[in-house]
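Data from target36.txt: compact mmCIF, C-alpha atoms and all ligand atoms
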```txt
# COMPACT_ATOMS: atom_id res chain seq x y z
CA MET A 1 -22.55 11.93 -10.14
CA LYS A 2 -18.99 10.99 -11.09
CA TYR A 3 -17.30 8.27 -9.08
CA THR A 4 -13.81 7.13 -8.24
CA LEU A 5 -13.62 3.35 -8.10
CA VAL A 6 -11.26 2.18 -5.36
CA THR A 7 -10.32 -1.47 -5.80
CA GLY A 8 -9.01 -3.02 -2.59
CA GLY A 9 -10.60 -0.12 -0.69
CA THR A 10 -11.24 -2.06 2.52
CA GLY A 11 -7.54 -2.95 2.86
CA PHE A 12 -4.87 -1.19 4.90
CA ILE A 13 -3.87 1.61 2.52
CA GLY A 14 -7.21 1.62 0.65
CA SER A 15 -9.31 2.30 3.76
CA HIS A 16 -7.21 5.30 4.77
CA THR A 17 -7.32 6.62 1.22
CA VAL A 18 -11.09 6.23 0.94
CA ILE A 19 -11.54 8.44 4.02
CA GLN A 20 -9.35 11.13 2.51
CA LEU A 21 -11.08 10.96 -0.89
CA LEU A 22 -14.47 11.30 0.83
CA ALA A 23 -13.13 14.31 2.76
CA GLN A 24 -12.40 15.92 -0.63
CA GLU A 25 -16.06 15.43 -1.60
CA ARG A 26 -15.28 12.64 -4.04
CA ALA A 27 -17.94 9.99 -4.54
CA VAL A 28 -16.32 6.62 -3.94
CA ILE A 29 -17.17 3.05 -4.87
CA ILE A 30 -15.15 0.40 -3.07
CA LEU A 31 -14.71 -2.93 -4.83
CA ASP A 32 -13.08 -5.58 -2.65
CA ASN A 33 -13.36 -9.35 -2.40
CA LEU A 34 -12.45 -9.22 1.32
CA SER A 35 -9.71 -11.81 0.74
CA ASN A 36 -7.38 -9.83 3.02
CA SER A 37 -9.68 -7.36 4.74
CA SER A 38 -12.80 -7.17 6.84
CA ARG A 39 -16.28 -5.84 6.31
CA ALA A 40 -15.95 -4.38 9.83
CA VAL A 41 -13.88 -1.53 8.43
CA LEU A 42 -16.90 -0.13 6.56
CA PRO A 43 -18.89 1.30 9.51
CA ARG A 44 -15.64 2.77 10.81
CA ILE A 45 -14.97 4.50 7.48
CA SER A 46 -18.51 5.89 7.56
CA SER A 47 -18.34 7.09 11.14
CA LEU A 48 -14.92 8.70 10.70
CA SER A 49 -15.78 10.41 7.42
CA LYS A 50 -19.46 11.07 8.14
CA LYS A 51 -20.03 9.90 4.58
CA GLU A 52 -21.06 6.65 2.96
CA PRO A 53 -18.91 5.11 0.26
CA LEU A 54 -20.68 2.53 -1.89
CA PHE A 55 -19.34 -0.94 -1.17
CA VAL A 56 -19.43 -3.83 -3.60
CA GLU A 57 -18.10 -7.20 -2.49
CA GLY A 58 -16.50 -8.68 -5.56
CA ASP A 59 -13.41 -9.53 -7.50
CA ILE A 60 -11.48 -7.56 -10.11
CA ARG A 61 -11.26 -10.81 -12.10
CA ASP A 62 -15.06 -10.89 -12.44
CA LYS A 63 -15.65 -9.16 -15.77
CA ALA A 64 -19.43 -9.30 -15.65
CA LEU A 65 -19.43 -7.64 -12.25
CA LEU A 66 -17.07 -4.90 -13.42
CA GLU A 67 -19.20 -4.29 -16.51
CA SER A 68 -22.32 -3.96 -14.42
CA LEU A 69 -20.57 -1.43 -12.16
CA PHE A 70 -19.42 0.69 -15.09
CA GLU A 71 -22.89 0.48 -16.62
CA GLN A 72 -24.57 1.54 -13.40
CA TYR A 73 -22.23 4.35 -12.34
CA GLU A 74 -20.29 7.04 -14.14
CA ILE A 75 -16.79 6.11 -13.06
CA GLU A 76 -14.21 8.71 -14.07
CA SER A 77 -11.11 7.30 -12.38
CA VAL A 78 -9.81 4.15 -10.71
CA VAL A 79 -7.45 3.88 -7.76
CA HIS A 80 -6.23 0.32 -8.00
CA PHE A 81 -5.04 -1.17 -4.70
CA ALA A 82 -6.51 -4.66 -5.08
CA GLY A 83 -3.80 -7.28 -5.08
CA LEU A 84 -2.01 -9.93 -3.09
CA LYS A 85 1.13 -8.69 -1.35
CA ALA A 86 2.94 -11.41 0.63
CA VAL A 87 6.39 -11.93 -0.85
CA GLY A 88 6.96 -15.38 0.70
CA GLU A 89 3.54 -16.67 -0.34
CA SER A 90 4.17 -15.44 -3.88
CA THR A 91 7.20 -17.72 -4.21
CA GLU A 92 5.06 -20.69 -3.11
CA LYS A 93 2.02 -19.80 -5.21
CA PRO A 94 3.28 -17.78 -8.18
CA LEU A 95 0.31 -18.58 -10.41
CA MET A 96 -2.08 -17.25 -7.78
CA TYR A 97 -0.12 -13.98 -7.68
CA TYR A 98 0.12 -13.58 -11.45
CA GLU A 99 -3.55 -14.41 -11.88
CA ASN A 100 -4.74 -12.04 -9.20
CA ASN A 101 -2.36 -9.14 -9.67
CA VAL A 102 -1.60 -9.26 -13.41
CA TRP A 103 -4.65 -10.89 -14.95
CA GLY A 104 -6.91 -9.02 -12.53
CA THR A 105 -5.45 -5.71 -13.69
CA ILE A 106 -5.74 -6.63 -17.38
CA ASN A 107 -9.38 -7.52 -16.81
CA LEU A 108 -9.99 -4.22 -15.02
CA CYS A 109 -8.31 -2.21 -17.81
CA GLN A 110 -10.27 -4.01 -20.51
CA VAL A 111 -13.54 -3.01 -18.87
CA MET A 112 -12.30 0.52 -18.18
CA ALA A 113 -11.36 0.93 -21.85
CA ARG A 114 -14.73 -0.39 -22.99
CA PHE A 115 -16.50 2.24 -20.92
CA GLY A 116 -14.10 5.07 -21.83
CA CYS A 117 -12.66 5.38 -18.33
CA LYS A 118 -8.93 5.71 -18.96
CA SER A 119 -7.55 7.23 -15.78
CA ILE A 120 -5.81 4.96 -13.28
CA VAL A 121 -3.61 5.28 -10.21
CA PHE A 122 -1.76 2.03 -9.52
CA SER A 123 -0.23 0.75 -6.26
CA SER A 124 3.30 -0.21 -7.16
CA SER A 125 6.18 -0.82 -4.82
CA ALA A 126 9.82 -0.02 -4.17
CA THR A 127 10.34 -3.74 -4.65
CA VAL A 128 10.60 -3.01 -8.41
CA TYR A 129 14.07 -1.51 -7.77
CA GLY A 130 15.39 -4.91 -6.66
CA ASP A 131 18.71 -4.41 -4.88
CA PRO A 132 19.51 -0.80 -5.85
CA ALA A 133 23.10 0.13 -6.72
CA SER A 134 22.85 3.20 -4.47
CA VAL A 135 20.48 5.14 -2.21
CA PRO A 136 18.46 7.33 -2.24
CA ILE A 137 16.53 5.69 -5.08
CA LYS A 138 15.24 7.83 -7.95
CA GLU A 139 12.42 6.86 -10.28
CA ASP A 140 14.77 6.39 -13.24
CA PHE A 141 16.87 3.74 -11.48
CA PRO A 142 16.92 0.35 -13.23
CA THR A 143 14.15 -2.06 -12.27
CA SER A 144 14.47 -5.75 -11.43
CA THR A 145 12.70 -8.24 -9.24
CA THR A 146 13.57 -11.25 -7.13
CA ASN A 147 10.16 -12.81 -6.40
CA PRO A 148 6.79 -13.33 -8.13
CA TYR A 149 5.10 -10.58 -6.09
CA GLY A 150 7.65 -8.00 -7.25
CA ALA A 151 7.53 -9.39 -10.78
CA SER A 152 3.73 -9.02 -10.82
CA LYS A 153 4.07 -5.34 -9.83
CA LEU A 154 6.66 -4.69 -12.52
CA MET A 155 4.59 -6.54 -15.13
CA VAL A 156 1.57 -4.40 -14.33
CA GLU A 157 3.69 -1.24 -14.53
CA ASN A 158 4.88 -2.33 -18.00
CA ILE A 159 1.38 -3.28 -19.14
CA LEU A 160 -0.04 0.08 -18.07
CA GLN A 161 2.79 1.95 -19.78
CA ASP A 162 2.27 -0.03 -23.01
CA LEU A 163 -1.46 0.61 -22.81
CA GLN A 164 -0.91 4.35 -22.42
CA ALA A 165 1.57 4.36 -25.31
CA SER A 166 -1.04 2.67 -27.50
CA ASP A 167 -3.75 5.20 -26.69
CA PRO A 168 -2.88 8.71 -25.48
CA LYS A 169 -6.27 9.06 -23.81
CA TRP A 170 -4.97 6.89 -20.97
CA LYS A 171 -3.60 8.69 -17.93
CA VAL A 172 -1.51 6.40 -15.76
CA ILE A 173 0.08 7.21 -12.42
CA LEU A 174 2.34 4.55 -10.95
CA LEU A 175 2.97 5.10 -7.25
CA ARG A 176 5.94 3.22 -5.84
CA TYR A 177 5.39 2.94 -2.11
CA PHE A 178 8.32 2.39 0.22
CA ASN A 179 7.34 0.90 3.63
CA PRO A 180 3.84 1.98 4.73
CA ILE A 181 3.18 1.86 8.48
CA GLY A 182 1.11 3.76 11.05
CA ALA A 183 -2.64 4.04 11.31
CA HIS A 184 -5.50 6.52 11.43
CA LYS A 185 -5.22 8.93 14.40
CA SER A 186 -8.49 7.67 15.86
CA GLY A 187 -7.03 4.19 16.37
CA GLN A 188 -10.09 2.82 14.59
CA ILE A 189 -8.52 1.70 11.34
CA GLY A 190 -5.12 0.20 10.73
CA GLU A 191 -3.17 -2.77 9.43
CA ASP A 192 -4.70 -6.15 10.26
CA PRO A 193 -2.61 -9.02 8.88
CA ALA A 194 -4.53 -12.28 8.60
CA ASP A 195 -1.70 -14.51 9.82
CA ILE A 196 1.60 -14.03 11.59
CA PRO A 197 2.87 -10.74 10.14
CA ASN A 198 5.55 -10.78 7.48
CA ASN A 199 6.33 -7.10 7.82
CA LEU A 200 8.33 -5.53 10.63
CA LEU A 201 5.86 -3.07 12.15
CA PRO A 202 2.86 -5.33 12.68
CA TYR A 203 5.27 -7.88 14.12
CA VAL A 204 6.65 -5.30 16.57
CA THR A 205 3.18 -4.15 17.67
CA GLN A 206 1.99 -7.74 18.12
CA VAL A 207 5.00 -8.50 20.32
CA ALA A 208 4.31 -5.37 22.35
CA VAL A 209 0.64 -6.29 22.82
CA GLY A 210 1.63 -9.80 23.95
CA LYS A 211 0.36 -11.80 20.96
CA LEU A 212 3.85 -12.83 19.89
CA ALA A 213 6.75 -13.68 22.20
CA GLN A 214 9.64 -11.84 20.59
CA LEU A 215 10.85 -10.22 17.41
CA SER A 216 13.45 -11.89 15.24
CA VAL A 217 15.79 -9.25 13.84
CA PHE A 218 16.81 -10.67 10.50
CA GLY A 219 20.56 -10.10 10.45
CA ASP A 220 22.90 -7.58 12.10
CA ASP A 221 25.76 -7.86 9.65
CA TYR A 222 24.53 -5.57 6.88
CA PRO A 223 26.71 -2.61 5.88
CA THR A 224 24.43 -0.13 7.72
CA HIS A 225 25.00 2.06 10.80
CA ASP A 226 24.07 -0.73 13.24
CA GLY A 227 24.19 -3.76 10.94
CA THR A 228 20.39 -4.17 10.63
CA GLY A 229 18.34 -3.48 7.49
CA VAL A 230 17.44 0.13 6.69
CA ARG A 231 14.09 1.11 5.16
CA ASP A 232 12.06 4.22 4.35
CA TYR A 233 8.97 3.95 6.58
CA ILE A 234 6.09 6.19 5.55
CA HIS A 235 2.90 7.00 7.45
CA VAL A 236 -0.15 5.46 5.77
CA GLU A 237 -1.96 8.79 6.15
CA ASP A 238 0.78 10.52 4.13
CA LEU A 239 0.46 7.79 1.54
CA ALA A 240 -3.31 8.27 1.42
CA ALA A 241 -2.81 12.01 0.91
CA ALA A 242 -0.57 11.27 -2.08
CA HIS A 243 -3.43 9.33 -3.69
CA VAL A 244 -5.73 12.33 -3.36
CA CYS A 245 -3.06 14.44 -5.11
CA ALA A 246 -2.68 11.75 -7.78
CA VAL A 247 -6.42 11.58 -8.49
CA ASP A 248 -6.43 15.38 -8.83
CA LYS A 249 -3.42 15.18 -11.14
CA LEU A 250 -5.27 12.80 -13.48
CA THR A 251 -7.28 15.74 -14.78
CA GLU A 252 -4.16 17.75 -15.70
CA PHE A 253 -2.00 15.62 -17.94
CA SER A 254 -1.87 12.72 -20.31
CA GLY A 255 0.83 10.08 -20.32
CA THR A 256 2.41 7.95 -17.64
CA LYS A 257 3.91 9.35 -14.48
CA ILE A 258 5.90 7.45 -11.88
CA PHE A 259 6.42 8.68 -8.34
CA ASN A 260 8.32 7.35 -5.35
CA LEU A 261 6.35 7.73 -2.14
CA GLY A 262 8.65 7.77 0.85
CA THR A 263 10.04 10.21 3.38
CA GLY A 264 13.60 10.10 2.05
CA THR A 265 14.95 8.98 5.44
CA GLY A 266 16.04 5.45 6.27
CA TYR A 267 15.76 3.80 9.68
CA SER A 268 17.21 0.47 10.76
CA VAL A 269 15.31 -2.36 12.43
CA LEU A 270 16.94 -1.49 15.76
CA ASP A 271 16.09 2.23 15.28
CA ILE A 272 12.47 1.12 14.95
CA VAL A 273 12.59 -1.07 18.06
CA LYS A 274 14.26 1.61 20.19
CA THR A 275 12.02 4.46 19.02
CA PHE A 276 8.93 2.29 19.47
CA GLU A 277 9.97 1.51 23.06
CA GLN A 278 10.63 5.21 23.74
CA VAL A 279 7.34 6.55 22.39
CA THR A 280 5.08 3.82 23.76
CA GLY A 281 6.85 2.77 26.97
CA GLU A 282 6.34 -0.87 25.89
CA LYS A 283 9.14 -3.42 25.74
CA VAL A 284 9.91 -5.30 22.51
CA PRO A 285 12.06 -8.33 23.31
CA TYR A 286 14.12 -9.41 20.32
CA SER A 287 16.88 -11.72 19.24
CA ILE A 288 19.22 -11.51 16.28
CA THR A 289 18.65 -14.29 13.76
CA PRO A 290 20.16 -14.99 10.33
CA ARG A 291 19.33 -12.74 7.38
CA ARG A 292 15.99 -13.34 5.65
CA PRO A 293 16.67 -14.63 2.11
CA GLY A 294 16.04 -11.96 -0.51
CA ASP A 295 16.40 -9.01 1.88
CA ILE A 296 18.54 -6.04 0.93
CA ALA A 297 20.66 -3.85 3.20
CA GLU A 298 19.24 -0.43 2.48
CA CYS A 299 16.29 1.06 0.67
CA PHE A 300 15.12 4.65 0.86
CA ALA A 301 13.58 7.06 -1.58
CA ASP A 302 14.43 10.25 -3.31
CA ALA A 303 10.85 11.52 -3.24
CA SER A 304 11.60 14.96 -4.68
CA LEU A 305 9.72 14.29 -7.92
CA ALA A 306 6.44 13.79 -6.03
CA ARG A 307 7.07 17.07 -4.24
CA THR A 308 7.63 19.08 -7.42
CA GLU A 309 5.14 17.37 -9.77
CA LEU A 310 2.45 16.05 -7.46
CA GLY A 311 2.66 18.84 -4.88
CA TRP A 312 2.98 16.18 -2.16
CA HIS A 313 5.49 15.39 0.52
CA ALA A 314 5.41 13.27 3.66
CA THR A 315 4.76 15.33 6.79
CA ARG A 316 4.74 12.74 9.58
CA GLY A 317 7.89 11.56 11.32
CA LEU A 318 8.82 8.17 12.72
CA GLU A 319 7.62 8.85 16.27
CA GLU A 320 4.14 9.75 15.04
CA MET A 321 4.03 6.66 12.79
CA LEU A 322 4.89 4.41 15.74
CA GLU A 323 2.51 6.13 18.19
CA ASP A 324 -0.34 5.77 15.72
CA ALA A 325 0.49 2.13 14.93
CA TRP A 326 0.50 1.38 18.66
CA ARG A 327 -2.81 3.17 19.30
CA TRP A 328 -4.45 0.98 16.64
CA GLN A 329 -2.88 -2.25 17.92
CA SER A 330 -3.54 -1.57 21.61
CA GLN A 331 -7.15 -0.55 21.00
CA ASN A 332 -7.73 -3.53 18.67
CA PRO A 333 -5.47 -6.35 19.89
CA ASN A 334 -7.15 -8.76 17.45
CA GLY A 335 -7.64 -6.24 14.67
CA TYR A 336 -11.11 -6.10 13.14
CA ALA A 337 -11.93 -9.57 14.50
CA ASP A 338 -12.86 -7.86 17.78
CA SER A 339 -15.83 -6.15 16.12
CA GLU A 340 -16.92 -8.81 13.63
P1 LIG A 401 -4.19 -5.09 1.76
O1 LIG A 401 -4.07 -6.55 1.56
O2 LIG A 401 -4.56 -4.58 3.10
O3 LIG A 401 -5.23 -4.49 0.69
C1 LIG A 401 -5.45 -5.08 -0.57
C2 LIG A 401 -6.95 -5.28 -0.69
O4 LIG A 401 -7.24 -5.84 -1.97
C3 LIG A 401 -7.53 -6.23 0.37
O5 LIG A 401 -8.62 -5.60 1.00
C4 LIG A 401 -7.98 -7.46 -0.43
O6 LIG A 401 -9.10 -8.08 0.14
C5 LIG A 401 -8.24 -6.85 -1.79
N1 LIG A 401 -8.10 -7.77 -2.94
C6 LIG A 401 -7.07 -8.60 -3.21
N2 LIG A 401 -7.29 -9.24 -4.38
C7 LIG A 401 -8.47 -8.80 -4.86
C8 LIG A 401 -9.24 -9.09 -6.00
N3 LIG A 401 -8.83 -9.98 -6.90
N4 LIG A 401 -10.41 -8.44 -6.18
C9 LIG A 401 -10.85 -7.56 -5.27
N5 LIG A 401 -10.18 -7.25 -4.16
C10 LIG A 401 -9.00 -7.86 -3.95
O7 LIG A 401 -2.81 -4.43 1.28
P2 LIG A 401 -2.30 -2.93 1.39
O8 LIG A 401 -1.11 -2.94 2.28
O9 LIG A 401 -3.41 -2.00 1.64
O10 LIG A 401 -1.75 -2.76 -0.10
C11 LIG A 401 -2.52 -2.18 -1.12
C12 LIG A 401 -1.75 -2.25 -2.42
O11 LIG A 401 -0.49 -1.60 -2.26
C13 LIG A 401 -1.44 -3.68 -2.88
O12 LIG A 401 -1.57 -3.74 -4.28
C14 LIG A 401 0.02 -3.86 -2.47
O13 LIG A 401 0.67 -4.78 -3.32
C15 LIG A 401 0.56 -2.47 -2.65
N6 LIG A 401 1.73 -2.19 -1.81
C16 LIG A 401 1.66 -2.42 -0.46
C17 LIG A 401 2.77 -2.19 0.33
C18 LIG A 401 2.75 -2.50 1.80
O14 LIG A 401 3.80 -2.71 2.38
N7 LIG A 401 1.60 -2.51 2.45
C19 LIG A 401 3.95 -1.70 -0.25
C20 LIG A 401 3.97 -1.46 -1.62
C21 LIG A 401 2.85 -1.71 -2.40
C1 LIG A 402 11.62 -4.36 6.93
C2 LIG A 402 12.95 -4.65 7.62
C3 LIG A 402 13.63 -6.94 7.46
C4 LIG A 402 10.33 -8.56 9.83
C5 LIG A 402 8.37 -5.73 2.08
C6 LIG A 402 8.18 -6.17 0.66
C7 LIG A 402 8.01 -4.97 -0.22
C8 LIG A 402 6.91 -4.04 0.28
C9 LIG A 402 7.07 -3.73 1.73
C10 LIG A 402 4.88 -4.52 -0.82
C11 LIG A 402 13.87 -5.56 6.83
C12 LIG A 402 13.35 -6.58 8.89
C13 LIG A 402 11.19 -7.73 9.16
C14 LIG A 402 10.79 -9.23 11.00
C15 LIG A 402 12.92 -8.14 10.75
N1 LIG A 402 5.62 -4.63 0.18
N2 LIG A 402 12.46 -7.51 9.60
N3 LIG A 402 12.07 -8.99 11.40
O1 LIG A 402 11.20 -6.36 3.33
O2 LIG A 402 11.42 -3.84 3.24
O3 LIG A 402 9.51 -4.92 2.16
O4 LIG A 402 7.23 -4.93 2.48
O5 LIG A 402 5.13 -4.04 -1.90
O6 LIG A 402 7.72 -5.48 -1.47
O7 LIG A 402 9.33 -6.90 0.27
O8 LIG A 402 9.60 -4.86 4.62
O9 LIG A 402 8.59 -4.91 6.85
O10 LIG A 402 9.22 -7.10 5.74
O11 LIG A 402 11.03 -5.59 6.54
O12 LIG A 402 14.06 -7.95 11.15
O13 LIG A 402 10.06 -10.03 11.64
O14 LIG A 402 12.66 -5.34 8.84
O15 LIG A 402 14.75 -7.80 7.37
O16 LIG A 402 15.18 -5.14 7.08
P1 LIG A 402 10.56 -5.05 3.33
P2 LIG A 402 9.51 -5.67 5.95
```

Starting from the file, lay out its structure as structure tokens.
Amino acid sequence: MKYTLVTGGTGFIGSHTVIQLLAQERAVIILDNLSNSSRAVLPRISSLSKKEPLFVEGDIRDKALLESLFEQYEIESVVHFAGLKAVGESTEKPLMYYENNVWGTINLCQVMARFGCKSIVFSSSATVYGDPASVPIKEDFPTSTTNPYGASKLMVENILQDLQASDPKWKVILLRYFNPIGAHKSGQIGEDPADIPNNLLPYVTQVAVGKLAQLSVFGDDYPTHDGTGVRDYIHVEDLAAAHVCAVDKLTEFSGTKIFNLGTGTGYSVLDIVKTFEQVTGEKVPYSITPRRPGDIAECFADASLARTELGWHATRGLEEMLEDAWRWQSQNPNGYADSE
């Protein structure tokens, strides 16, 4: 049996992707150290997919563990989600971010190369565009970063491209996600931040469910239609579907391919609050506070390359993203902790 190794497969995007890979009859091994996820997601993945992924609790920095996995199983491709992702934390603990995200990926690639597995899909981010000169953003826009998290993503992109250039057997797909939100339709899996959320949507849903008092809207003086920051929110299920397309694509080409994954439409913070209130009937009290350092005014994708080359496009609109996020949060007010 040939396997796809999914690092970080118990996390937010990984768990949704694992379900979709299993639905395509792919055999999946999840490797996750559970540093930002819960074991409680595993029975939910199994019950939703009616299939059993293999789960290994472990770290991508553990070379002996990786070697034993590649020895034991015929792994033909890797979908590499594992990483730390909190921008603020990365500025406080840069070495932790570089060690985990950059060194972890080097370690993984070294073992992959040793075992002749040279096909990888990597979770990159729109953060690599820095503050773009214009929107929508295309894949050939200049890259730059403003924090260690973003720098770690860009470093890994460069490392994977250099690796592919050194050995044409490597097939590398770099997926630059815009702002993933939403949850599985069942309400059984979703985003479960460990602490107070950094990102807008989990903050909004936690205010609505009564865990947090009110949302701070970080600035209303940006040059956008209502002064608040504009982003390209994409349903996590659409994102998961793109990974299935990417894994399929790995069999068809050699080289490095880079794709933006977004809807191509930008919404402001206040658009999100108002639409959330409309579709859920819940109130989201908020106040306007100063801008968050490092934030940009506007960021949305030109995702036409993924449509033409990957055969993928986002199909779910904002209302569906918000309804699904709310179903998850209202059914699991404390995330996976409720079932641990
Ligand atoms: P997540 O934190 O829910 O998932 C990441 C998973 O990786 C977690 O389950 C965590 O326990 C695991 N992990 C971390 N370090 C590990 C290590 N050294 N070894 C093994 N497992 C490890 O995050 P997510 O939102 O699902 O993001 C997945 C990937 O996508 C990350 O690489 C992230 O940087 C990237 N990304 C996320 C977003 C976003 O807004 N969610 C946007 C762009 C890119
Ligand atoms: C969205 C908008 C905020 C919280 C970050 C990372 C990026 C990527 C996605 C991983 C902005 C505003 C937010 C709040 C607010 N992650 N906001 N109040 O900043 O676009 O991107 O997550 O790769 O790298 O930087 O997402 O959800 O934090 O913010 O007003 O409490 O919501 O100012 O305009 P962002 P976000």

- Message: Please return as a ChimeraX atom specification the residues found within 8 Å of ligand LIG 402 (chain A), counting only C-alpha atoms and all ligand atoms.
- Response: /A:85-87,124-128,149-150,177-180,197-201,203-204,215-219,228-231,268-269,291-292,295-299

Residues of range 110-221 of chain A that approach range 37-59 of chain A to 12 Å or less, counting all atoms listed in the file: could you list each one with the shortest pair of atoms and its distance in Å to one decimal, rows by chain and increasing residue number, as a tab-separated table?
```
residue	atom	partner	partner_atom	distance
A:His184	CA	A:Leu48	CA	9.7
A:Lys185	CA	A:Leu48	CA	10.4
A:Ser186	CA	A:Leu48	CA	8.3
A:Gly187	CA	A:Arg44	CA	10.3
A:Gln188	CA	A:Arg44	CA	6.7
A:Ile189	CA	A:Val41	CA	6.9
A:Gly190	CA	A:Val41	CA	9.2
A:Glu191	CA	A:Ser37	CA	9.2
A:Asp192	CA	A:Ser37	CA	7.5
A:Pro193	CA	A:Ser37	CA	8.4
A:Ala194	CA	A:Ser37	CA	8.1
A:Asp195	CA	A:Ser37	CA	11.9
```

- Message: Could you check which residues have any atom within 6 Å of (16.7, 9.9, -3.0), counting all atoms listed in the file with coordinates taken straight from the file, and then list them as JSON, numbers by chain?
- Response: {"A": [136, 137, 138, 264, 301, 302]}

Pull C-alpha atoms from the residues just selected and write them as a compact mmCIF listing (two decimals), keeping the file's coordinate frame.
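Writing done, so here's again-v4.txt:
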```txt
# COMPACT_ATOMS: atom_id res chain seq x y z
CA PRO A 136 18.46 7.33 -2.24
CA ILE A 137 16.53 5.69 -5.08
CA LYS A 138 15.24 7.83 -7.95
CA GLY A 264 13.60 10.10 2.05
CA ALA A 301 13.58 7.06 -1.58
CA ASP A 302 14.43 10.25 -3.31
```

- Message: Can you tell me which residues surround Phe259 in chain A at a distance of at most 10 Å, considering only C-alpha atoms, apart from same-chain residues fewer than 4 positions away, and format the answer as a VMD selection string?
- Response: chain A and resid 124 138 to 140 173 to 177 242 246 301 to 307 309 to 310

Where is the centre and how long are the edges: axis-aligned box on range 270-285 of chain A, 3 Å on each side, Å to one decimal, as JSON:
```
{"center_x": 11.0, "center_y": -0.9, "center_z": 21.0, "size_x": 17.9, "size_y": 20.9, "size_z": 18.0}
```

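One distance worth recording is that between CA of Ser134 in chain A and CA of Pro223 in chain A, which is 12.5 Å.
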
- Query: Looking at A:Leu250, A:Val135, A:Met1, A:Leu154, which one is nearest to ligand LIG 401 (chain A), with distances taken over only C-alpha atoms and all ligand atoms?
  - Reply: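 Residue with the minimum atom-to-atom distance to ligand LIG 401 (chain A): A:Leu154.
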
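Here the question is which of A:Gln161, A:Gln206, A:Gln72, A:Asn260 gets nearest to ligand LIG 401 (chain A) using all atoms listed in the file, and that residue is A:Asn260.
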
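Nearest residue to ligand LIG 401 (chain A), choosing from A:Met96, A:Val279, A:Val207, A:Val244 and counting only C-alpha atoms and all ligand atoms: A:Met96.
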
- Minimum-distance residue to Lys2 in chain A, chosen among A:Glu76, A:Asp221, A:Asp248, A:Asp324 (using all atoms listed in the file):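 When distances to Lys2 in chain A are compared using all atoms listed in the file, the smallest one comes from A:Glu76.
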
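The coordinates place CA of Asp220 in chain A at 24.2 Å from CA of Thr280 in chain A.
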